[in-house]
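Here's final23.txt, which has compact mmCIF, C-alpha atoms and all ligand atoms:
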# COMPACT_ATOMS: atom_id res chain seq x y z
CA MET A 1 146.67 137.59 73.54
CA SER A 2 147.10 140.08 76.32
CA HIS A 3 148.29 137.40 78.77
CA SER A 4 151.18 136.05 76.66
CA PRO A 5 154.61 137.06 77.99
CA SER A 6 156.36 139.69 75.89
CA LEU A 7 158.61 138.46 73.06
CA PRO A 8 162.42 138.81 73.40
CA ASP A 9 163.81 142.03 71.93
CA ARG A 10 164.87 141.88 68.35
CA PRO A 11 168.71 141.89 68.30
CA ARG A 12 170.19 144.94 66.60
CA LEU A 13 173.47 145.10 64.76
CA GLU A 14 175.27 148.32 65.51
CA LEU A 15 178.37 149.01 63.46
CA ASP A 16 180.44 152.03 64.17
CA PRO A 17 182.22 153.47 61.05
CA GLU A 18 185.26 154.01 63.29
CA MET A 19 185.53 150.25 63.93
CA SER A 20 188.41 148.24 62.52
CA GLU A 21 187.71 145.25 60.23
CA THR A 22 188.35 142.80 63.13
CA GLU A 23 186.08 144.69 65.47
CA ARG A 24 183.35 144.70 62.85
CA LEU A 25 183.73 140.98 62.28
CA GLU A 26 183.51 140.34 66.03
CA ALA A 27 180.39 142.54 66.30
CA ILE A 28 178.75 140.59 63.44
CA ARG A 29 179.64 137.24 65.10
CA GLN A 30 178.11 138.39 68.36
CA HIS A 31 175.01 139.58 66.56
CA TYR A 32 174.75 136.17 64.86
CA ARG A 33 175.02 134.32 68.23
CA ARG A 34 172.37 136.57 69.70
CA ILE A 35 170.02 135.86 66.77
CA LEU A 36 170.51 132.10 67.26
CA GLN A 37 169.69 132.48 70.95
CA VAL A 38 166.51 134.44 70.26
CA ASN A 39 165.58 131.89 67.61
CA ASN A 40 165.89 129.03 70.15
CA GLU A 41 163.90 130.95 72.67
CA LEU A 42 161.12 131.57 70.12
CA GLU A 43 161.10 127.89 69.11
CA ASP A 44 160.61 126.88 72.76
CA ARG A 45 157.78 129.33 73.04
CA LEU A 46 156.19 127.97 69.91
CA ASP A 47 156.38 124.41 71.30
CA ASP A 48 154.69 125.54 74.52
CA ALA A 49 151.99 127.30 72.59
CA GLN A 50 151.38 124.24 70.45
CA ASN A 51 151.10 122.01 73.51
CA ARG A 52 148.66 124.42 75.08
CA ARG A 53 146.65 124.48 71.87
CA GLY A 54 146.48 120.67 71.96
CA GLU A 55 145.22 120.78 75.55
CA LEU A 56 142.57 123.37 74.75
CA LYS A 57 141.45 121.35 71.77
CA THR A 58 140.92 118.31 74.01
CA ASP A 59 138.89 120.51 76.38
CA VAL A 60 136.78 121.75 73.50
CA ASP A 61 136.20 118.17 72.28
CA ASP A 62 135.16 117.09 75.79
CA LEU A 63 132.76 120.00 76.06
CA LYS A 64 131.35 119.23 72.62
CA ASN A 65 130.73 115.62 73.67
CA GLU A 66 129.13 116.71 76.91
CA ASN A 67 126.99 119.13 74.96
CA GLU A 68 125.84 116.32 72.65
CA VAL A 69 124.94 114.22 75.68
CA LEU A 70 123.00 117.09 77.20
CA LYS A 71 121.21 117.90 73.97
CA THR A 72 119.70 114.43 73.70
CA SER A 73 116.76 114.78 76.01
CA SER A 74 114.79 111.69 74.99
CA LEU A 75 115.92 108.77 77.06
CA TYR A 76 114.73 105.22 76.68
CA ILE A 77 115.29 102.23 78.89
CA ALA A 78 117.40 99.22 77.93
CA SER A 79 119.35 96.43 79.54
CA ILE A 80 123.02 95.66 78.98
CA GLU A 81 123.38 92.25 77.33
CA GLU A 82 127.11 92.09 76.78
CA ILE A 83 130.20 94.27 76.89
CA THR A 84 132.53 93.57 73.95
CA ASP A 85 135.66 95.16 72.50
CA ASP A 86 133.51 96.63 69.75
CA GLY A 87 131.06 98.26 72.12
CA VAL A 88 128.11 97.48 74.30
CA VAL A 89 125.24 95.24 73.26
CA ILE A 90 121.97 96.50 74.68
CA LYS A 91 118.39 95.28 74.44
CA GLN A 92 115.69 97.92 74.42
CA HIS A 93 112.74 97.50 76.71
CA GLY A 94 109.43 97.51 74.95
CA ASN A 95 110.51 96.24 71.53
CA ASN A 96 113.33 93.89 72.62
CA GLN A 97 115.51 95.13 69.79
CA GLU A 98 119.22 94.39 70.24
CA VAL A 99 121.70 97.11 69.34
CA LEU A 100 125.48 97.34 69.36
CA THR A 101 126.31 100.77 70.70
CA GLN A 102 128.76 102.84 72.73
CA ALA A 103 128.60 104.21 76.25
CA ALA A 104 129.56 107.70 77.36
CA THR A 105 133.26 107.48 78.33
CA ARG A 106 132.58 108.42 81.91
CA LEU A 107 130.50 105.22 82.25
CA ASP A 108 133.13 102.82 80.86
CA GLU A 109 134.06 101.45 84.24
CA ASP A 110 130.54 101.25 85.64
CA LEU A 111 128.73 99.02 83.16
CA ARG A 112 127.94 95.37 83.88
CA PRO A 113 125.82 92.93 81.87
CA GLY A 114 122.29 92.92 83.26
CA ASP A 115 122.38 96.61 84.25
CA ARG A 116 119.33 98.69 83.49
CA VAL A 117 120.41 101.80 81.61
CA ALA A 118 119.01 104.90 79.95
CA ILE A 119 119.88 105.36 76.27
CA ASN A 120 119.32 108.34 74.00
CA ASP A 121 117.91 108.63 70.48
CA SER A 122 121.17 107.35 69.01
CA PHE A 123 121.18 104.41 71.43
CA ALA A 124 124.25 105.71 73.30
CA VAL A 125 124.22 104.66 76.93
CA GLN A 126 123.82 107.78 79.05
CA GLN A 127 123.15 106.60 82.54
CA VAL A 128 123.02 103.50 84.72
CA LEU A 129 119.73 103.20 86.57
CA ASP A 130 118.89 101.79 89.96
CA ASP A 131 117.77 98.24 90.21
CA GLU A 132 114.37 98.00 88.57
CA THR A 133 112.74 95.79 91.12
CA ASP A 134 113.81 98.18 93.87
CA SER A 135 112.38 101.23 92.21
CA ARG A 136 109.14 99.42 91.42
CA ALA A 137 108.79 98.06 94.92
CA GLN A 138 109.34 101.53 96.30
CA ALA A 139 106.65 102.98 94.11
CA MET A 140 103.89 100.68 95.35
CA GLU A 141 102.52 100.04 98.77
CA VAL A 142 101.01 96.58 99.11
CA THR A 143 99.05 95.56 102.21
CA GLU A 144 97.41 92.18 102.59
CA SER A 145 94.85 93.48 105.04
CA PRO A 146 94.98 97.14 105.98
CA ASP A 147 94.03 97.82 109.58
CA VAL A 148 91.29 100.37 108.88
CA GLU A 149 87.62 99.59 109.46
CA TYR A 150 84.51 101.50 108.46
CA ALA A 151 83.94 102.21 112.15
CA ASP A 152 87.22 104.20 112.21
CA ILE A 153 85.87 106.68 109.70
CA GLY A 154 83.61 109.43 110.96
CA GLY A 155 81.18 111.84 109.36
CA ILE A 156 81.04 110.33 105.87
CA ASP A 157 78.50 107.54 106.24
CA ASP A 158 76.87 108.20 102.87
CA GLN A 159 80.25 107.97 101.16
CA ILE A 160 81.00 104.70 102.98
CA ARG A 161 77.70 103.29 101.74
CA GLU A 162 78.43 104.33 98.15
CA VAL A 163 81.92 102.87 98.23
CA ARG A 164 80.60 99.60 99.64
CA GLU A 165 78.08 99.37 96.83
CA ALA A 166 80.61 100.16 94.16
CA VAL A 167 83.59 98.17 95.42
CA GLU A 168 82.71 95.69 98.13
CA ASP A 169 79.47 94.31 96.70
CA PRO A 170 80.89 93.51 93.24
CA LEU A 171 83.88 91.80 94.89
CA GLU A 172 81.76 89.76 97.25
CA ASN A 173 78.68 89.02 95.15
CA PRO A 174 79.65 89.20 91.50
CA GLU A 175 76.85 86.68 90.69
CA GLN A 176 74.23 89.09 91.94
CA PHE A 177 75.37 91.77 89.51
CA GLU A 178 75.34 89.20 86.75
CA ALA A 179 71.88 87.92 87.69
CA VAL A 180 70.44 91.42 87.70
CA GLY A 181 72.33 92.24 84.53
CA VAL A 182 74.12 95.42 85.59
CA GLU A 183 77.77 96.17 85.26
CA PRO A 184 79.36 97.34 88.47
CA PRO A 185 81.14 100.68 88.13
CA SER A 186 84.61 100.31 86.59
CA GLY A 187 86.45 102.77 88.74
CA VAL A 188 85.60 104.84 91.78
CA LEU A 189 87.00 108.33 92.08
CA LEU A 190 87.02 109.93 95.51
CA HIS A 191 87.42 113.68 95.39
CA GLY A 192 87.50 116.38 98.03
CA PRO A 193 89.79 118.45 100.21
CA PRO A 194 92.93 116.96 101.77
CA GLY A 195 92.73 114.92 104.96
CA THR A 196 89.05 114.03 104.78
CA GLY A 197 89.47 110.25 104.84
CA LYS A 198 89.75 109.25 101.17
CA THR A 199 92.73 106.97 101.72
CA MET A 200 91.10 105.54 104.84
CA LEU A 201 87.98 104.76 102.85
CA ALA A 202 89.94 102.85 100.20
CA LYS A 203 91.87 100.93 102.85
CA ALA A 204 88.73 100.10 104.79
CA VAL A 205 86.89 98.78 101.75
CA ALA A 206 89.88 96.58 100.84
CA ASN A 207 90.08 95.32 104.40
CA GLU A 208 86.39 94.61 104.74
CA SER A 209 86.26 92.80 101.39
CA ASP A 210 89.35 90.72 102.26
CA ALA A 211 91.16 92.17 99.29
CA THR A 212 94.84 93.08 98.95
CA PHE A 213 95.29 96.85 99.04
CA ILE A 214 97.73 98.13 96.43
CA LYS A 215 98.44 101.83 96.61
CA MET A 216 100.39 103.93 94.16
CA ALA A 217 100.81 107.68 94.35
CA GLY A 218 100.12 109.43 91.04
CA SER A 219 103.31 111.43 91.56
CA GLU A 220 105.27 108.16 91.55
CA LEU A 221 103.96 107.48 88.08
CA VAL A 222 105.48 110.66 86.75
CA ARG A 223 108.86 109.31 85.82
CA LYS A 224 111.86 110.73 84.12
CA PHE A 225 112.35 108.14 81.43
CA ILE A 226 110.20 107.38 78.46
CA GLY A 227 108.12 104.28 79.01
CA GLU A 228 108.81 104.02 82.72
CA GLY A 229 105.47 105.43 83.91
CA SER A 230 103.45 103.19 81.60
CA ARG A 231 105.56 100.23 82.64
CA LEU A 232 104.67 100.95 86.27
CA VAL A 233 100.99 101.10 85.36
CA ARG A 234 101.28 97.70 83.70
CA ASP A 235 103.12 96.34 86.73
CA LEU A 236 100.41 97.72 88.99
CA PHE A 237 97.68 95.85 87.16
CA GLU A 238 99.81 92.71 86.83
CA LEU A 239 100.48 92.69 90.55
CA ALA A 240 96.77 93.14 91.24
CA ALA A 241 96.00 90.18 88.97
CA GLU A 242 98.47 88.04 90.92
CA ARG A 243 96.99 89.09 94.23
CA GLU A 244 93.26 89.15 93.46
CA PRO A 245 90.93 89.92 95.05
CA ALA A 246 92.62 93.30 95.11
CA VAL A 247 91.83 96.98 95.38
CA ILE A 248 94.12 99.27 93.39
CA PHE A 249 94.22 102.78 94.83
CA ILE A 250 95.88 105.59 92.90
CA ASP A 251 96.27 108.61 95.14
CA GLU A 252 96.79 112.10 93.61
CA ILE A 253 95.55 110.84 90.25
CA ASP A 254 95.69 114.44 88.98
CA ALA A 255 99.48 114.03 88.67
CA VAL A 256 98.96 111.77 85.64
CA ALA A 257 95.47 112.74 84.54
CA ALA A 258 95.47 116.51 84.43
CA LYS A 259 93.85 118.29 81.49
CA ARG A 260 96.04 118.46 78.44
CA THR A 261 98.08 121.62 78.14
CA ASP A 262 99.39 123.14 74.94
CA SER A 263 102.94 122.58 75.99
CA LYS A 264 104.82 120.07 73.86
CA THR A 265 107.65 119.31 76.23
CA SER A 266 108.69 115.68 76.39
CA GLY A 267 107.81 115.56 80.10
CA ASP A 268 104.19 116.27 79.30
CA ALA A 269 104.20 113.75 76.50
CA GLU A 270 105.48 111.12 78.90
CA VAL A 271 102.72 111.91 81.42
CA GLN A 272 100.20 111.60 78.58
CA ARG A 273 101.59 108.19 77.66
CA THR A 274 101.29 107.06 81.27
CA MET A 275 97.69 108.20 81.36
CA MET A 276 96.94 106.45 78.06
CA GLN A 277 98.37 103.25 79.51
CA LEU A 278 96.17 103.65 82.57
CA LEU A 279 93.11 104.16 80.37
CA SER A 280 93.92 101.14 78.24
CA GLU A 281 94.38 98.98 81.34
CA MET A 282 91.00 100.19 82.59
CA ASP A 283 89.37 99.60 79.23
CA GLY A 284 90.53 95.99 79.28
CA PHE A 285 89.31 95.67 82.80
CA ASP A 286 86.31 93.41 82.23
CA GLU A 287 88.41 90.31 81.88
CA ARG A 288 90.39 91.06 84.93
CA GLY A 289 88.29 89.31 87.52
CA GLU A 290 88.27 90.37 91.11
CA ILE A 291 90.10 93.65 90.90
CA ARG A 292 88.53 96.98 91.77
CA ILE A 293 90.14 100.27 91.01
CA MET A 294 89.89 103.43 93.06
CA ALA A 295 91.58 106.80 92.82
CA ALA A 296 91.60 110.03 94.80
CA THR A 297 92.22 113.68 94.06
CA ASN A 298 92.09 117.04 95.78
CA ARG A 299 92.00 118.71 92.37
CA PHE A 300 88.87 117.43 90.67
CA ASP A 301 88.70 120.58 88.53
CA MET A 302 92.04 119.74 86.92
CA LEU A 303 91.17 116.27 85.69
CA ASP A 304 91.10 115.34 82.03
CA GLU A 305 87.58 114.28 81.11
CA ALA A 306 88.90 111.24 79.28
CA ILE A 307 89.40 109.46 82.58
CA LEU A 308 85.80 110.10 83.67
CA ARG A 309 84.14 108.40 80.69
CA PRO A 310 81.93 105.35 81.19
CA GLY A 311 84.04 102.24 81.70
CA ARG A 312 86.73 104.27 83.41
CA PHE A 313 86.31 106.30 86.62
CA ASP A 314 82.56 106.30 86.23
CA ARG A 315 81.54 106.50 89.90
CA LEU A 316 82.40 109.85 91.42
CA ILE A 317 82.13 110.19 95.17
CA GLU A 318 82.70 113.54 96.81
CA VAL A 319 84.27 113.39 100.26
CA PRO A 320 83.65 116.82 101.78
CA GLU A 321 84.96 118.52 104.87
CA PRO A 322 82.99 117.22 107.87
CA ASP A 323 80.02 119.19 109.29
CA THR A 324 79.62 119.77 113.03
CA GLU A 325 78.10 116.35 113.63
CA GLY A 326 80.80 114.69 111.53
CA ARG A 327 83.53 116.54 113.41
CA ALA A 328 82.09 115.36 116.74
CA ARG A 329 82.04 111.79 115.45
CA ILE A 330 85.66 112.02 114.21
CA LEU A 331 86.74 113.54 117.55
CA ASP A 332 84.95 110.69 119.31
CA ILE A 333 86.86 108.17 117.21
CA HIS A 334 90.20 109.80 117.86
CA THR A 335 89.63 110.13 121.59
CA GLN A 336 88.13 106.71 122.22
CA ASP A 337 91.42 105.28 123.46
CA MET A 338 92.31 108.43 125.37
CA ASN A 339 91.69 108.97 129.03
CA VAL A 340 89.30 111.90 128.66
CA ALA A 341 88.03 113.58 131.86
CA GLU A 342 84.44 112.96 132.76
CA GLY A 343 82.11 115.74 131.70
CA THR A 344 84.15 116.67 128.61
CA ASP A 345 81.71 117.49 125.84
CA VAL A 346 83.10 116.45 122.50
CA SER A 347 80.17 117.90 120.54
CA GLU A 348 80.71 121.27 122.15
CA ILE A 349 84.35 121.23 121.12
CA ALA A 350 83.37 120.17 117.59
CA VAL A 351 81.18 123.26 117.15
CA ASP A 352 84.30 125.43 117.33
CA LEU A 353 86.22 123.35 114.79
CA GLU A 354 84.63 124.85 111.67
CA GLY A 355 86.86 124.15 108.65
CA TYR A 356 88.79 121.33 110.32
CA SER A 357 89.40 118.20 108.27
CA GLY A 358 89.53 114.70 109.77
CA ALA A 359 93.32 114.89 109.68
CA ASP A 360 93.23 118.25 111.54
CA ILE A 361 90.96 116.72 114.19
CA ALA A 362 93.31 113.75 114.60
CA SER A 363 96.22 116.15 115.29
CA LEU A 364 94.04 118.19 117.65
CA ALA A 365 93.36 115.08 119.75
CA THR A 366 97.07 114.17 119.92
CA GLU A 367 97.99 117.75 120.78
CA ALA A 368 95.40 117.84 123.60
CA GLY A 369 96.92 114.63 125.00
CA MET A 370 100.35 116.30 124.88
CA PHE A 371 99.08 119.23 126.97
CA ALA A 372 97.93 116.81 129.67
CA ILE A 373 101.28 114.99 129.60
CA ARG A 374 103.26 118.24 129.84
CA ASP A 375 101.14 119.14 132.83
CA GLY A 376 101.89 115.80 134.50
CA ARG A 377 98.24 114.70 134.32
CA THR A 378 96.85 111.37 133.11
CA GLU A 379 93.44 112.78 132.18
CA VAL A 380 92.74 114.99 129.19
CA THR A 381 90.36 117.85 130.00
CA GLN A 382 88.16 120.09 127.88
CA GLY A 383 90.71 122.84 128.63
CA ASP A 384 93.43 120.75 126.93
CA PHE A 385 91.33 120.60 123.75
CA GLU A 386 90.87 124.38 123.93
CA ALA A 387 94.61 124.90 124.35
CA ALA A 388 95.35 122.48 121.50
CA ARG A 389 92.94 124.34 119.22
CA GLU A 390 94.59 127.66 119.99
CA LYS A 391 98.01 126.20 119.40
CA LEU A 392 97.01 124.72 116.03
CA GLN A 393 95.33 127.98 115.06
CA ASP A 394 98.47 129.95 115.93
CA ALA A 395 100.57 127.50 113.96
CA GLU A 396 98.25 127.86 110.99
CA GLN A 397 98.37 131.65 111.18
CA THR A 398 102.14 131.59 111.30
CA GLU A 399 102.11 129.31 108.28
CA GLU A 400 99.79 131.70 106.44
CA ARG A 401 102.01 134.60 107.36
CA VAL A 402 105.02 132.74 106.06
CA ILE A 403 103.20 131.91 102.84
CA ASN A 404 102.02 135.50 102.39
CA TYR A 405 105.49 136.72 103.07
CA GLN A 406 106.95 134.36 100.47
CA TYR A 407 104.65 135.47 97.70
N1 LIG A 501 86.62 110.95 108.25
C1 LIG A 501 87.63 110.67 109.08
N2 LIG A 501 87.41 109.96 110.20
C2 LIG A 501 88.42 109.67 111.05
N3 LIG A 501 89.70 110.06 110.85
C3 LIG A 501 89.98 110.77 109.75
C4 LIG A 501 88.97 111.08 108.81
N4 LIG A 501 89.54 111.78 107.81
C5 LIG A 501 90.84 111.86 108.09
N5 LIG A 501 91.12 111.26 109.26
C6 LIG A 501 92.45 111.21 109.90
O1 LIG A 501 93.37 111.86 109.03
C7 LIG A 501 94.36 110.96 108.54
C8 LIG A 501 94.57 111.21 107.06
O2 LIG A 501 93.42 110.86 106.34
P1 LIG A 501 93.45 110.29 104.86
O3 LIG A 501 94.87 109.97 104.49
O4 LIG A 501 92.45 109.24 104.70
O5 LIG A 501 93.01 111.58 104.08
P2 LIG A 501 92.93 111.82 102.52
O6 LIG A 501 91.59 112.39 102.25
O7 LIG A 501 93.33 110.62 101.79
O8 LIG A 501 94.01 112.96 102.41
P3 LIG A 501 94.90 113.40 101.16
O9 LIG A 501 93.97 113.93 100.15
O10 LIG A 501 95.76 114.47 101.79
O11 LIG A 501 95.66 112.17 100.74
C9 LIG A 501 93.82 109.58 108.83
O12 LIG A 501 94.86 108.68 109.08
C10 LIG A 501 92.96 109.80 110.07
O13 LIG A 501 93.77 109.78 111.24

As structure tokens - that is how I would like this structure written.
Ligand SMILES: Nc1ncnc2c1ncn2[C@@H]1O[C@H](COP(=O)(O)OP(=O)(O)OP(=O)(O)O)[C@@H](O)[C@H]1O
Amino acid sequence: MSHSPSLPDRPRLELDPEMSETERLEAIRQHYRRILQVNNELEDRLDDAQNRRGELKTDVDDLKNENEVLKTSSLYIASIEEITDDGVVIKQHGNNQEVLTQAATRLDEDLRPGDRVAINDSFAVQQVLDDETDSRAQAMEVTESPDVEYADIGGIDDQIREVREAVEDPLENPEQFEAVGVEPPSGVLLHGPPGTGKTMLAKAVANESDATFIKMAGSELVRKFIGEGSRLVRDLFELAAEREPAVIFIDEIDAVAAKRTDSKTSGDAEVQRTMMQLLSEMDGFDERGEIRIMAATNRFDMLDEAILRPGRFDRLIEVPEPDTEGRARILDIHTQDMNVAEGTDVSEIAVDLEGYSGADIASLATEAGMFAIRDGRTEVTQGDFEAAREKLQDAEQTEERVINYQY
């Protein structure tokens, strides 16, 4: 190797023909001592090299192990039962099979019985996971009675009526549906642009039907480990059964119910499994009593048709951007607790808010209030709404510029 230090010079025996016998003998002795010295030196070097080789071999072994760990992409969930001298006893979730296995060396110190862990195809423990109950609690938002009423929602009266028919009536008068002999819709899917009041609508219907509101974001269902997403779906329906009457609301359902792609990556397969679990929970929904299921998406075009079949999300309700009248109503709602100057014409302001969603109008109202505060006034004027609109428009343009610049 180019980095190794140069070897000692080979000793040379130089005998002069003029030399006496004694001188020759002395020269040979010296040569012999020199050879011994070089020999020792070379032996030391060899030892060093062998040690170094040993070290490098350990490095290679470590890297090979690490490589093995990285190559095993499929991870399953299990719990640690026992840690013994022979290895770790784990119990797999799902099939409850017990296995005696090993843990990656770097985890030796960290494992405790009862821990939830990720294992690979060969059952080796790869990772210790957070406490299960914590991660599940984080994923769901449960509200006994959400503080949204129908009167807080503006510009979508038809949609409110449809949601009441599909969710509230079956919860409140199940006998009537039975007497007439019609099945209430299984699931209600709200679709439309962001910030138009879909979540509000689901909260309001839960509130007004005295049902527990259980919300889960579709993106929360997209989990890293095999079986975790479907487990969450099961938990979601179990929780709803414990808390009935209940409204389950899955926001951004497109995250788990997008059209199938050709890709065969394990991530996609896991999302598919989660969706299948959701469908099977919905299919067994009849026996579930007073639970209604709702979902929302901004990407209706992306949804897999399997979730729209009868018995699943079979009531589709479009929640569009508000028209002028709707915008005025929403502005009214968001300014009702504000000290708005006499003579301010909300409908006139609404005309100029083409393309604004309910959420945009809510921020406009807050921003107008901020203008009054900055000015040291206690009344919000029409001018403040104008200024707020310009500010939001500027902000939006800057955002667009930034986006255009990025792409
Ligand atoms: N129709 C509406 N009437 C009154 N306020 C509204 C309306 N739509 C939206 N808002 C305001 O915007 C906020 C966000 O609305 P919401 O979360 O219901 O929208 P969303 O349609 O679920 O949005 P996303 O698709 O982004 O989840 C609400 O808290 C409310 O302040």

Using all atoms listed in the file, which residues of the polymer chains come no farther than 7 Å from ligand LIG 501 (chain A)? I'd like the answer as JSON, numbers by chain. {"A": [152, 153, 154, 155, 156, 193, 194, 195, 196, 197, 198, 199, 200, 201, 251, 297, 298, 330, 333, 357, 358, 359, 360, 362]}

At a cut-off of 7 Å, can you tabulate as a tab-separated table every residue of range 48-152 of chain A near range 202-205 of chain A together with its closest atom pair and the distance in Å to one decimal, using only C-alpha atoms and ordering rows by chain then number?
residue	atom	partner	partner_atom	distance
A:Pro146	CA	A:Lys203	CA	5.8
A:Val148	CA	A:Ala204	CA	4.8
A:Glu149	CA	A:Ala204	CA	4.8
A:Tyr150	CA	A:Ala204	CA	5.8

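Separating CA of Gly87 in chain A from CA of Leu111 in chain A is a distance of 11.3 Å.
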
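Compared by their closest atoms to Val346 in chain A, and using only C-alpha atoms, the residues A:Ile373, A:Glu98, A:Phe385, A:Val319 rank with A:Phe385 nearest.
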
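The residue that comes closest to Glu342 in chain A, out of A:Pro322, A:Leu46, A:Val89, A:Val380 and on the basis of only C-alpha atoms, is A:Val380.
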